[in-house]
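Below is query22.cif, which holds mmCIF, C-alpha atoms.
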data_target
#
loop_
_atom_site.label_atom_id
_atom_site.label_comp_id
_atom_site.auth_asym_id
_atom_site.auth_seq_id
_atom_site.Cartn_x
_atom_site.Cartn_y
_atom_site.Cartn_z
CA MET F 941 3.29 -10.57 -16.07
CA PRO F 942 3.50 -13.11 -13.25
CA PRO F 943 0.97 -15.95 -13.28
CA ILE F 944 -2.08 -15.42 -11.06
CA VAL F 945 -3.74 -18.28 -9.19
CA SER F 946 -6.79 -17.73 -7.00
CA ILE F 947 -7.41 -19.61 -3.77
CA VAL F 948 -11.19 -19.69 -3.44
CA GLY F 949 -13.77 -21.37 -1.27
CA LYS F 950 -16.72 -20.63 0.92
CA SER F 951 -16.21 -18.90 4.26
CA ASP F 952 -14.31 -20.66 7.03
CA THR F 953 -12.80 -23.28 4.78
CA GLY F 954 -9.25 -22.23 5.61
CA LYS F 955 -8.13 -20.15 2.63
CA THR F 956 -5.91 -17.88 4.71
CA THR F 957 -4.45 -20.83 6.59
CA LEU F 958 -3.62 -22.54 3.30
CA LEU F 959 -1.91 -19.39 2.02
CA GLU F 960 -0.05 -19.05 5.30
CA ARG F 961 1.48 -22.47 4.70
CA LEU F 962 1.89 -22.24 0.94
CA VAL F 963 3.71 -18.91 0.85
CA PRO F 964 6.71 -20.03 2.97
CA GLU F 965 6.88 -23.36 1.10
CA LEU F 966 7.15 -21.60 -2.28
CA ARG F 967 9.44 -18.98 -0.85
CA ALA F 968 11.77 -21.70 0.43
CA ARG F 969 11.94 -22.96 -3.15
CA GLY F 970 13.33 -19.60 -4.23
CA TYR F 971 10.25 -17.86 -5.52
CA ARG F 972 9.12 -14.38 -4.75
CA ILE F 973 5.45 -14.40 -3.85
CA GLY F 974 2.78 -11.76 -4.19
CA THR F 975 -0.62 -12.11 -2.55
CA ILE F 976 -3.86 -10.25 -3.12
CA LYS F 977 -6.69 -10.29 -0.62
CA HIS F 978 -10.09 -9.50 -2.05
CA ASN F 979 -12.20 -7.39 0.22
CA VAL F 980 -15.69 -6.75 -1.05
CA HIS F 981 -16.91 -4.57 1.80
CA GLY F 982 -13.92 -2.31 2.28
CA PHE F 983 -11.23 -2.59 4.91
CA ASP F 984 -9.28 -0.73 7.53
CA ILE F 985 -5.53 -0.66 7.38
CA ASP F 986 -3.10 1.37 9.45
CA HIS F 987 -3.52 2.29 13.08
CA LYS F 988 -5.82 5.04 14.24
CA GLY F 989 -3.98 8.16 15.30
CA LYS F 990 -0.69 7.42 13.53
CA ASP F 991 0.76 10.14 11.31
CA SER F 992 0.08 8.18 8.12
CA TRP F 993 -3.47 7.40 9.23
CA ARG F 994 -4.00 11.12 9.85
CA HIS F 995 -2.80 11.95 6.30
CA LYS F 996 -5.35 9.63 4.75
CA GLN F 997 -8.07 10.69 7.15
CA ALA F 998 -7.46 14.32 6.15
CA GLY F 999 -8.38 13.42 2.58
CA ALA F 1000 -5.20 12.36 0.80
CA HIS F 1001 -6.15 10.44 -2.34
CA THR F 1002 -2.96 8.38 -2.20
CA LEU F 1003 -0.75 7.83 0.81
CA ALA F 1004 2.61 6.09 0.91
CA ILE F 1005 4.79 5.23 3.88
CA SER F 1006 8.36 4.54 2.92
CA SER F 1007 11.13 3.00 4.99
CA PRO F 1008 14.48 1.46 4.04
CA THR F 1009 12.93 -2.03 3.91
CA LYS F 1010 9.26 -1.58 3.10
CA VAL F 1011 6.75 0.59 1.27
CA ALA F 1012 3.07 0.79 2.10
CA LEU F 1013 0.44 2.45 -0.03
CA VAL F 1014 -3.22 3.27 0.52
CA LYS F 1015 -4.99 4.59 -2.54
CA ASP F 1016 -8.56 5.54 -3.39
CA VAL F 1017 -9.97 3.99 -6.55
CA GLU F 1018 -13.06 4.94 -8.49
CA THR F 1019 -13.83 1.44 -9.67
CA GLU F 1020 -12.52 -1.81 -8.33
CA GLU F 1021 -9.19 -2.86 -9.80
CA THR F 1022 -9.08 -6.07 -11.80
CA LEU F 1023 -6.45 -8.66 -10.98
CA ASP F 1024 -4.64 -7.90 -14.24
CA SER F 1025 -4.54 -4.21 -13.41
CA LEU F 1026 -3.21 -4.87 -9.89
CA ALA F 1027 -0.64 -7.28 -11.30
CA SER F 1028 0.67 -4.84 -13.89
CA LYS F 1029 0.82 -1.91 -11.49
CA TYR F 1030 2.20 -3.48 -8.34
CA PHE F 1031 3.44 -7.03 -8.90
CA GLN F 1032 5.92 -6.89 -11.79
CA ASP F 1033 8.73 -8.04 -9.51
CA VAL F 1034 7.21 -11.26 -8.15
CA ASP F 1035 7.23 -14.77 -9.63
CA ILE F 1036 3.64 -15.70 -8.86
CA ILE F 1037 0.56 -14.00 -7.43
CA LEU F 1038 -1.73 -15.97 -5.15
CA THR F 1039 -5.08 -14.37 -4.45
CA GLU F 1040 -7.46 -15.02 -1.61
CA GLY F 1041 -10.89 -14.81 -3.13
CA TYR F 1042 -11.75 -13.55 -6.64
CA LYS F 1043 -14.02 -16.42 -7.53
CA LYS F 1044 -15.66 -14.30 -10.25
CA GLU F 1045 -12.50 -13.52 -12.19
CA ASP F 1046 -11.33 -15.91 -14.88
CA LYS F 1047 -7.99 -16.85 -13.31
CA PRO F 1048 -7.00 -20.45 -12.57
CA LYS F 1049 -8.60 -21.41 -9.28
CA ILE F 1050 -7.80 -23.75 -6.46
CA GLU F 1051 -10.79 -24.41 -4.26
CA VAL F 1052 -10.45 -25.18 -0.58
CA PHE F 1053 -13.39 -27.37 0.39
CA ARG F 1054 -13.98 -29.15 3.68
CA SER F 1055 -16.95 -31.45 3.83
CA GLN F 1056 -17.11 -30.92 7.59
CA VAL F 1057 -17.92 -27.24 7.08
CA HIS F 1058 -19.95 -27.07 3.89
CA GLU F 1059 -22.11 -29.51 2.02
CA THR F 1060 -21.25 -28.37 -1.47
CA PRO F 1061 -18.18 -26.75 -3.01
CA LEU F 1062 -18.14 -23.28 -4.55
CA CYS F 1063 -16.70 -24.00 -7.98
CA LYS F 1064 -18.65 -27.00 -9.15
CA GLY F 1065 -18.46 -26.97 -12.91
CA ASP F 1066 -16.16 -23.92 -13.00
CA GLU F 1067 -13.94 -24.34 -16.06
CA HIS F 1068 -11.15 -22.38 -14.35
CA LEU F 1069 -10.83 -24.83 -11.46
CA VAL F 1070 -7.37 -26.40 -11.67
CA ALA F 1071 -7.14 -28.19 -8.33
CA LEU F 1072 -9.09 -29.00 -5.22
CA VAL F 1073 -7.71 -28.90 -1.68
CA SER F 1074 -10.15 -31.02 0.22
CA ASP F 1075 -10.86 -33.86 2.57
CA THR F 1076 -13.08 -35.36 -0.09
CA SER F 1077 -12.99 -35.91 -3.84
CA LEU F 1078 -15.70 -34.19 -5.79
CA ASP F 1079 -14.40 -33.41 -9.22
CA PRO F 1080 -12.31 -36.24 -10.55
CA SER F 1081 -11.23 -34.11 -13.50
CA VAL F 1082 -8.83 -31.97 -11.43
CA PRO F 1083 -6.02 -33.00 -9.07
CA ARG F 1084 -6.96 -33.15 -5.41
CA PHE F 1085 -4.64 -32.46 -2.48
CA GLU F 1086 -5.19 -33.19 1.16
CA LEU F 1087 -5.49 -30.07 3.34
CA ARG F 1088 -2.07 -30.68 4.88
CA ASP F 1089 -0.30 -31.67 1.65
CA ILE F 1090 1.37 -28.32 1.14
CA LYS F 1091 4.37 -29.87 -0.60
CA GLY F 1092 2.13 -31.63 -3.08
CA LEU F 1093 0.27 -28.44 -3.86
CA ALA F 1094 3.51 -26.48 -4.17
CA ASP F 1095 4.85 -29.14 -6.58
CA PHE F 1096 1.70 -28.75 -8.64
CA LEU F 1097 1.95 -24.93 -8.74
CA GLU F 1098 5.62 -25.09 -9.54
CA LYS F 1099 5.18 -27.49 -12.45
CA ARG F 1100 2.11 -25.83 -13.87
CA PHE F 1101 2.84 -22.13 -13.36
CA LEU F 1102 6.45 -21.53 -12.42
CA VAL F 1103 8.92 -23.75 -14.20
CA THR F 1104 9.57 -22.55 -17.71
CA PHE F 1105 11.87 -24.29 -20.12
CA MET X 65 5.10 13.85 -12.74
CA PRO X 66 3.27 15.76 -10.03
CA PRO X 67 5.27 18.38 -8.12
CA ILE X 68 6.70 17.23 -4.80
CA VAL X 69 6.94 19.52 -1.79
CA SER X 70 8.39 18.35 1.52
CA ILE X 71 7.08 19.47 4.89
CA VAL X 72 10.10 19.26 7.17
CA GLY X 73 11.03 20.29 10.66
CA LYS X 74 12.40 18.97 13.90
CA SER X 75 10.30 16.60 16.00
CA ASP X 76 7.13 17.86 17.64
CA THR X 77 6.89 20.99 15.54
CA GLY X 78 3.50 19.98 14.13
CA LYS X 79 4.28 18.64 10.65
CA THR X 80 1.41 16.13 10.72
CA THR X 81 -0.99 18.71 12.11
CA LEU X 82 -0.04 21.11 9.30
CA LEU X 83 -0.63 18.40 6.69
CA GLU X 84 -3.92 17.50 8.34
CA ARG X 85 -5.10 21.07 7.74
CA LEU X 86 -3.43 21.64 4.37
CA VAL X 87 -4.74 18.52 2.64
CA PRO X 88 -8.46 19.36 3.04
CA GLU X 89 -7.81 23.00 2.10
CA LEU X 90 -6.14 21.99 -1.19
CA ARG X 91 -8.70 19.27 -1.78
CA ALA X 92 -11.51 21.81 -1.40
CA ARG X 93 -9.81 23.78 -4.17
CA GLY X 94 -10.22 20.83 -6.51
CA TYR X 95 -6.81 19.20 -6.29
CA ARG X 96 -6.05 15.56 -5.77
CA ILE X 97 -3.44 15.19 -3.07
CA GLY X 98 -0.84 12.51 -2.49
CA THR X 99 1.14 12.30 0.73
CA ILE X 100 4.30 10.41 1.60
CA LYS X 101 5.36 9.76 5.17
CA HIS X 102 9.05 9.08 5.63
CA ASN X 103 9.75 6.40 8.18
CA VAL X 104 13.43 5.85 8.83
CA HIS X 105 13.05 3.07 11.36
CA GLY X 106 10.41 0.93 9.70
CA PHE X 107 6.73 0.82 10.51
CA ASP X 108 3.80 -1.43 11.21
CA ILE X 109 0.71 -1.19 9.11
CA ASP X 110 -2.33 -3.45 9.12
CA HIS X 111 -3.82 -5.14 12.13
CA LYS X 112 -2.31 -8.20 13.74
CA GLY X 113 -4.24 -11.34 12.98
CA LYS X 114 -6.14 -10.07 9.95
CA ASP X 115 -6.03 -12.19 6.79
CA SER X 116 -3.89 -9.67 4.94
CA TRP X 117 -1.51 -9.35 7.89
CA ARG X 118 -1.16 -13.14 7.91
CA HIS X 119 -0.26 -13.15 4.19
CA LYS X 120 2.58 -10.70 4.75
CA GLN X 121 3.67 -12.41 7.95
CA ALA X 122 3.91 -15.71 6.05
CA GLY X 123 6.53 -14.16 3.79
CA ALA X 124 4.73 -12.55 0.86
CA HIS X 125 7.08 -10.08 -0.82
CA THR X 126 4.18 -7.92 -1.96
CA LEU X 127 0.66 -7.88 -0.55
CA ALA X 128 -2.33 -6.01 -1.89
CA ILE X 129 -5.80 -5.64 -0.42
CA SER X 130 -8.35 -4.55 -2.97
CA SER X 131 -11.89 -3.31 -2.41
CA PRO X 132 -14.32 -1.41 -4.66
CA THR X 133 -13.15 1.93 -3.22
CA LYS X 134 -9.57 1.43 -2.03
CA VAL X 135 -6.36 -0.45 -2.65
CA ALA X 136 -3.67 -1.03 -0.06
CA LEU X 137 -0.22 -2.37 -0.76
CA VAL X 138 2.65 -3.51 1.45
CA LYS X 139 5.85 -4.27 -0.40
CA ASP X 140 9.37 -5.23 0.59
CA VAL X 141 12.15 -3.17 -0.95
CA GLU X 142 15.84 -3.87 -1.10
CA THR X 143 16.90 -0.25 -0.93
CA GLU X 144 14.90 2.72 0.15
CA GLU X 145 12.79 4.25 -2.61
CA THR X 146 13.57 7.81 -3.63
CA LEU X 147 10.76 10.34 -3.82
CA ASP X 148 11.00 10.39 -7.62
CA SER X 149 10.69 6.61 -7.75
CA LEU X 150 7.66 6.61 -5.42
CA ALA X 151 6.08 9.40 -7.44
CA SER X 152 6.50 7.64 -10.77
CA LYS X 153 5.28 4.30 -9.48
CA TYR X 154 2.36 5.27 -7.31
CA PHE X 155 1.39 8.91 -7.70
CA GLN X 156 0.82 9.54 -11.40
CA ASP X 157 -2.84 10.35 -10.79
CA VAL X 158 -2.47 13.11 -8.20
CA ASP X 159 -1.91 16.86 -8.69
CA ILE X 160 0.66 17.39 -5.96
CA ILE X 161 2.62 15.24 -3.51
CA LEU X 162 3.24 16.55 -0.01
CA THR X 163 5.79 14.63 2.00
CA GLU X 164 6.26 14.52 5.75
CA GLY X 165 9.98 14.42 6.26
CA TYR X 166 12.64 13.90 3.57
CA LYS X 167 14.87 16.74 4.63
CA LYS X 168 17.82 15.13 2.83
CA GLU X 169 16.22 14.97 -0.60
CA ASP X 170 16.52 17.93 -2.93
CA LYS X 171 12.81 18.73 -3.23
CA PRO X 172 11.35 22.14 -2.39
CA LYS X 173 10.90 22.30 1.37
CA ILE X 174 8.59 24.05 3.74
CA GLU X 175 9.91 24.07 7.26
CA VAL X 176 7.63 24.08 10.28
CA PHE X 177 9.47 25.83 13.08
CA ARG X 178 8.12 26.85 16.47
CA SER X 179 10.43 28.92 18.63
CA GLN X 180 8.59 27.61 21.70
CA VAL X 181 9.76 24.07 20.97
CA HIS X 182 13.19 24.44 19.39
CA GLU X 183 15.86 27.07 19.50
CA THR X 184 17.04 26.74 15.93
CA PRO X 185 15.37 25.66 12.70
CA LEU X 186 16.33 22.58 10.69
CA CYS X 187 16.91 24.07 7.25
CA LYS X 188 18.99 27.14 7.95
CA GLY X 189 20.85 27.89 4.74
CA ASP X 190 19.13 25.07 2.82
CA GLU X 191 18.85 26.25 -0.76
CA HIS X 192 15.70 24.14 -1.24
CA LEU X 193 13.74 25.95 1.46
CA VAL X 194 10.83 27.74 -0.23
CA ALA X 195 8.76 28.80 2.77
CA LEU X 196 8.71 28.86 6.54
CA VAL X 197 5.69 28.10 8.68
CA SER X 198 6.62 29.64 11.98
CA ASP X 199 5.79 31.89 14.87
CA THR X 200 8.99 33.76 14.18
CA SER X 201 10.87 35.09 11.17
CA LEU X 202 14.30 33.64 10.65
CA ASP X 203 15.07 33.66 6.98
CA PRO X 204 13.81 36.84 5.36
CA SER X 205 14.60 35.43 1.92
CA VAL X 206 11.60 33.04 1.92
CA PRO X 207 7.92 33.72 2.58
CA ARG X 208 6.76 33.06 6.11
CA PHE X 209 3.30 31.93 7.13
CA GLU X 210 1.77 31.86 10.57
CA LEU X 211 1.08 28.36 11.88
CA ARG X 212 -2.66 28.84 11.47
CA ASP X 213 -2.51 30.58 8.08
CA ILE X 214 -3.46 27.51 6.07
CA LYS X 215 -5.18 29.54 3.36
CA GLY X 216 -2.07 31.66 2.88
CA LEU X 217 0.10 28.58 2.57
CA ALA X 218 -2.36 26.94 0.19
CA ASP X 219 -2.38 30.11 -1.95
CA PHE X 220 1.41 29.97 -2.06
CA LEU X 221 1.47 26.28 -3.05
CA GLU X 222 -1.22 26.83 -5.64
CA LYS X 223 0.55 29.74 -7.30
CA ARG X 224 4.00 28.23 -7.17
CA PHE X 225 3.35 24.54 -7.91
CA LEU X 226 -0.17 23.99 -9.17
CA VAL X 227 -1.43 26.71 -11.47
CA THR X 228 -0.02 26.32 -14.95
CA PHE X 229 -0.73 28.69 -17.78
#

Written as structure tokens, how would this file's structure read?
Amino acid sequence: MPPIVSIVGKSDTGKTTLLERLVPELRARGYRIGTIKHNVHGFDIDHKGKDSWRHKQAGAHTLAISSPTKVALVKDVETEETLDSLASKYFQDVDIILTEGYKKEDKPKIEVFRSQVHETPLCKGDEHLVALVSDTSLDPSVPRFELRDIKGLADFLEKRFLVTF
Amino acid sequence: MPPIVSIVGKSDTGKTTLLERLVPELRARGYRIGTIKHNVHGFDIDHKGKDSWRHKQAGAHTLAISSPTKVALVKDVETEETLDSLASKYFQDVDIILTEGYKKEDKPKIEVFRSQVHETPLCKGDEHLVALVSDTSLDPSVPRFELRDIKGLADFLEKRFLVTF
């Protein structure tokens, strides 16, 4: 199973932006990246009116769209999937899984915290916190990276989760 | 593995419309339906600018979005997945898989043919043709259903692919 690391933080701290920069950096180092976006309130995917959208709308439990380069899947679930379940079903062929959200699961977490946006961080005292991406130092027990230090963060992830001897 | 039946036909014959009617009919009979849309030229799914879209755009090989009721997945593939591969990976929990397209695979096929739109059908002489949904009879060796006879077609699918004794 690939390692799973969660990028967490309060709203508007820049989690997606961090992932947007981190994914190509790790990819350029030769790794295959999986990402999981947590969506508590449900989501829309696919475009209204398209054939695939109409299949799902008609009541298909599971819908796939398959092309020579890509597969998409939309599947109903009865209970929310855990990260381990998602990883074992869909991510066997990646080197690392980065999640956006999932602060309540017990995976290693990197918190994005900007003191300009929030007064307090989300993961204070969380034993699963492994690094902080922030403009300010709050927890001296974990490494801290500046918001723009993508290379530093990628080095950290590589050493801690990807390089095996 | 669930049975796989392909709904095929030339363009604009109403394959999606047929599926849109067939899926709720089978679902009302207690079956869990999977559908697969074949897309030869690639496809767009997800909405530009959304967090999940940005993950994939940044170069994630595999992206999942997970909510309490639904999971979506977008995954790069190196070669196109076969129907059997898709079925074994993603459709173990459905009763039947209906595909839109896949005329070249060797699954049982139901052709939608409308003489008002095309002069000749797609599957003439195809040994995998099991039924014709058409306004006209062309191949007397397979059952034919009127375009609006969804119950008749569902009965046929149920007897042939779903009811096991």

- Residues matched by the PyMOL selection byres ((chain F) within 8 of (chain X)) as a ChimeraX atom specification: /F:956,959-961,963-964,967,972-987,991-992,994-995,998-1021,1029,1031,1034

Could I have chain X as a short mmCIF file (atom, residue, chain, number, x, y, z; two decimals) with C-alpha atoms, keeping the file's coordinate frame after it is superimposed on chain F by least squares, pairing all C-alpha atoms in sequence order?
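Now in result.cif:
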data_model
loop_
_atom_site.label_atom_id
_atom_site.label_comp_id
_atom_site.auth_asym_id
_atom_site.auth_seq_id
_atom_site.Cartn_x
_atom_site.Cartn_y
_atom_site.Cartn_z
CA MET X 65 3.27 -10.58 -16.05
CA PRO X 66 3.50 -13.12 -13.24
CA PRO X 67 0.95 -15.95 -13.27
CA ILE X 68 -2.08 -15.43 -11.06
CA VAL X 69 -3.74 -18.27 -9.19
CA SER X 70 -6.80 -17.73 -7.00
CA ILE X 71 -7.41 -19.60 -3.76
CA VAL X 72 -11.18 -19.69 -3.45
CA GLY X 73 -13.76 -21.36 -1.28
CA LYS X 74 -16.71 -20.66 0.93
CA SER X 75 -16.19 -18.91 4.26
CA ASP X 76 -14.31 -20.67 7.03
CA THR X 77 -12.80 -23.30 4.78
CA GLY X 78 -9.25 -22.23 5.63
CA LYS X 79 -8.14 -20.15 2.63
CA THR X 80 -5.90 -17.89 4.73
CA THR X 81 -4.46 -20.84 6.61
CA LEU X 82 -3.62 -22.54 3.30
CA LEU X 83 -1.91 -19.39 2.03
CA GLU X 84 -0.05 -19.05 5.31
CA ARG X 85 1.48 -22.48 4.71
CA LEU X 86 1.89 -22.24 0.93
CA VAL X 87 3.73 -18.92 0.85
CA PRO X 88 6.71 -20.04 2.98
CA GLU X 89 6.88 -23.36 1.11
CA LEU X 90 7.15 -21.59 -2.27
CA ARG X 91 9.46 -18.97 -0.84
CA ALA X 92 11.79 -21.70 0.44
CA ARG X 93 11.94 -22.95 -3.15
CA GLY X 94 13.35 -19.60 -4.25
CA TYR X 95 10.25 -17.85 -5.53
CA ARG X 96 9.11 -14.36 -4.76
CA ILE X 97 5.45 -14.40 -3.84
CA GLY X 98 2.78 -11.75 -4.19
CA THR X 99 -0.61 -12.09 -2.55
CA ILE X 100 -3.86 -10.24 -3.12
CA LYS X 101 -6.69 -10.28 -0.61
CA HIS X 102 -10.09 -9.49 -2.05
CA ASN X 103 -12.20 -7.36 0.23
CA VAL X 104 -15.69 -6.74 -1.07
CA HIS X 105 -16.88 -4.57 1.79
CA GLY X 106 -13.89 -2.29 2.26
CA PHE X 107 -11.22 -2.57 4.90
CA ASP X 108 -9.25 -0.70 7.50
CA ILE X 109 -5.51 -0.68 7.36
CA ASP X 110 -3.08 1.34 9.45
CA HIS X 111 -3.52 2.28 13.06
CA LYS X 112 -5.83 5.02 14.22
CA GLY X 113 -3.99 8.13 15.27
CA LYS X 114 -0.70 7.40 13.52
CA ASP X 115 0.76 10.13 11.30
CA SER X 116 0.08 8.19 8.13
CA TRP X 117 -3.48 7.40 9.22
CA ARG X 118 -4.01 11.12 9.84
CA HIS X 119 -2.80 11.96 6.31
CA LYS X 120 -5.35 9.62 4.75
CA GLN X 121 -8.07 10.69 7.16
CA ALA X 122 -7.47 14.32 6.15
CA GLY X 123 -8.39 13.43 2.59
CA ALA X 124 -5.22 12.36 0.80
CA HIS X 125 -6.17 10.44 -2.34
CA THR X 126 -2.98 8.39 -2.19
CA LEU X 127 -0.75 7.85 0.83
CA ALA X 128 2.60 6.12 0.93
CA ILE X 129 4.78 5.25 3.90
CA SER X 130 8.36 4.56 2.93
CA SER X 131 11.13 3.02 5.01
CA PRO X 132 14.49 1.48 4.05
CA THR X 133 12.94 -2.01 3.93
CA LYS X 134 9.25 -1.55 3.11
CA VAL X 135 6.75 0.61 1.29
CA ALA X 136 3.07 0.80 2.11
CA LEU X 137 0.44 2.46 -0.02
CA VAL X 138 -3.23 3.29 0.51
CA LYS X 139 -5.00 4.60 -2.55
CA ASP X 140 -8.56 5.55 -3.40
CA VAL X 141 -9.97 4.02 -6.57
CA GLU X 142 -13.05 4.96 -8.50
CA THR X 143 -13.82 1.45 -9.67
CA GLU X 144 -12.52 -1.79 -8.34
CA GLU X 145 -9.18 -2.84 -9.81
CA THR X 146 -9.08 -6.06 -11.80
CA LEU X 147 -6.45 -8.66 -10.99
CA ASP X 148 -4.64 -7.91 -14.25
CA SER X 149 -4.54 -4.21 -13.41
CA LEU X 150 -3.21 -4.87 -9.89
CA ALA X 151 -0.63 -7.27 -11.29
CA SER X 152 0.67 -4.84 -13.88
CA LYS X 153 0.82 -1.92 -11.48
CA TYR X 154 2.19 -3.49 -8.35
CA PHE X 155 3.44 -7.02 -8.91
CA GLN X 156 5.92 -6.91 -11.78
CA ASP X 157 8.74 -8.04 -9.51
CA VAL X 158 7.22 -11.25 -8.15
CA ASP X 159 7.24 -14.78 -9.62
CA ILE X 160 3.65 -15.71 -8.85
CA ILE X 161 0.56 -14.00 -7.43
CA LEU X 162 -1.74 -15.96 -5.15
CA THR X 163 -5.08 -14.35 -4.45
CA GLU X 164 -7.47 -14.99 -1.60
CA GLY X 165 -10.89 -14.78 -3.13
CA TYR X 166 -11.75 -13.55 -6.64
CA LYS X 167 -14.02 -16.41 -7.54
CA LYS X 168 -15.66 -14.29 -10.25
CA GLU X 169 -12.50 -13.52 -12.19
CA ASP X 170 -11.34 -15.91 -14.88
CA LYS X 171 -7.99 -16.85 -13.32
CA PRO X 172 -7.00 -20.44 -12.56
CA LYS X 173 -8.60 -21.41 -9.27
CA ILE X 174 -7.80 -23.74 -6.46
CA GLU X 175 -10.78 -24.41 -4.27
CA VAL X 176 -10.45 -25.19 -0.58
CA PHE X 177 -13.39 -27.36 0.39
CA ARG X 178 -13.98 -29.14 3.68
CA SER X 179 -16.95 -31.47 3.80
CA GLN X 180 -17.10 -30.94 7.57
CA VAL X 181 -17.92 -27.26 7.09
CA HIS X 182 -19.96 -27.09 3.89
CA GLU X 183 -22.12 -29.52 2.02
CA THR X 184 -21.24 -28.39 -1.47
CA PRO X 185 -18.18 -26.77 -3.02
CA LEU X 186 -18.12 -23.28 -4.54
CA CYS X 187 -16.69 -23.99 -7.99
CA LYS X 188 -18.64 -27.01 -9.15
CA GLY X 189 -18.46 -26.96 -12.93
CA ASP X 190 -16.16 -23.92 -13.01
CA GLU X 191 -13.96 -24.34 -16.05
CA HIS X 192 -11.17 -22.37 -14.34
CA LEU X 193 -10.83 -24.82 -11.45
CA VAL X 194 -7.36 -26.39 -11.67
CA ALA X 195 -7.14 -28.17 -8.33
CA LEU X 196 -9.09 -29.01 -5.21
CA VAL X 197 -7.72 -28.90 -1.70
CA SER X 198 -10.16 -31.03 0.21
CA ASP X 199 -10.86 -33.87 2.56
CA THR X 200 -13.08 -35.36 -0.09
CA SER X 201 -13.00 -35.93 -3.84
CA LEU X 202 -15.71 -34.20 -5.79
CA ASP X 203 -14.41 -33.41 -9.22
CA PRO X 204 -12.30 -36.26 -10.54
CA SER X 205 -11.23 -34.12 -13.49
CA VAL X 206 -8.83 -31.96 -11.41
CA PRO X 207 -6.03 -32.99 -9.06
CA ARG X 208 -6.96 -33.14 -5.40
CA PHE X 209 -4.64 -32.46 -2.50
CA GLU X 210 -5.18 -33.19 1.16
CA LEU X 211 -5.50 -30.09 3.33
CA ARG X 212 -2.09 -30.70 4.87
CA ASP X 213 -0.32 -31.69 1.65
CA ILE X 214 1.37 -28.33 1.13
CA LYS X 215 4.38 -29.85 -0.60
CA GLY X 216 2.13 -31.64 -3.09
CA LEU X 217 0.28 -28.43 -3.86
CA ALA X 218 3.52 -26.49 -4.17
CA ASP X 219 4.86 -29.14 -6.57
CA PHE X 220 1.71 -28.75 -8.64
CA LEU X 221 1.96 -24.94 -8.73
CA GLU X 222 5.64 -25.10 -9.54
CA LYS X 223 5.20 -27.50 -12.45
CA ARG X 224 2.12 -25.84 -13.86
CA PHE X 225 2.84 -22.12 -13.36
CA LEU X 226 6.45 -21.54 -12.41
CA VAL X 227 8.90 -23.79 -14.20
CA THR X 228 9.53 -22.61 -17.73
CA PHE X 229 11.77 -24.38 -20.17
#

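Here atom CA of Leu82 of chain X and atom CA of Gln156 of chain X stand 23.7 Å from one another.
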
- Find the residues around segment 203-211 of chain X up to 12 Å (all atoms listed in the file counted), leave out those fewer than 3 positions away in its own chain, and share them as an MDAnalysis selection string. chainID X and resid 77:79 81:83 85:86 172:179 184:200 214:221 224

- Query: If you measure from atom CA of Gly73 of chain X to atom CA of Gln180 of chain X, what distance in Å do you get, rounded to one decimal?
  - Reply: 13.5 Å

Where is the centre and how long are the edges: axis-aligned box on segment 111-124 of chain X, 8 Å on each side, Å to one decimal, as lines of an AutoDock Vina configuration file:
center_x = 0.2
center_y = -10.4
center_z = 7.3
size_x = 28.7
size_y = 26.6
size_z = 28.9

- Message: What does the structure give for the distance between atom CA of Glu169 of chain X and atom CA of Ile68 of chain X, in Å to one decimal?
- Response: 10.6 Å

Residue IDs satisfying the PyMOL selection byres ((chain X and resi 66) around 6), as a PDB file with C-alpha atoms, keeping the file's coordinate frame:
ATOM      1  CA  MET X  65       5.100  13.850 -12.740  1.00  0.00           C
ATOM      2  CA  PRO X  67       5.270  18.380  -8.120  1.00  0.00           C
ATOM      3  CA  ASP X 159      -1.910  16.860  -8.690  1.00  0.00           C
ATOM      4  CA  ILE X 160       0.660  17.390  -5.960  1.00  0.00           C
TER       5      ILE X 160
END
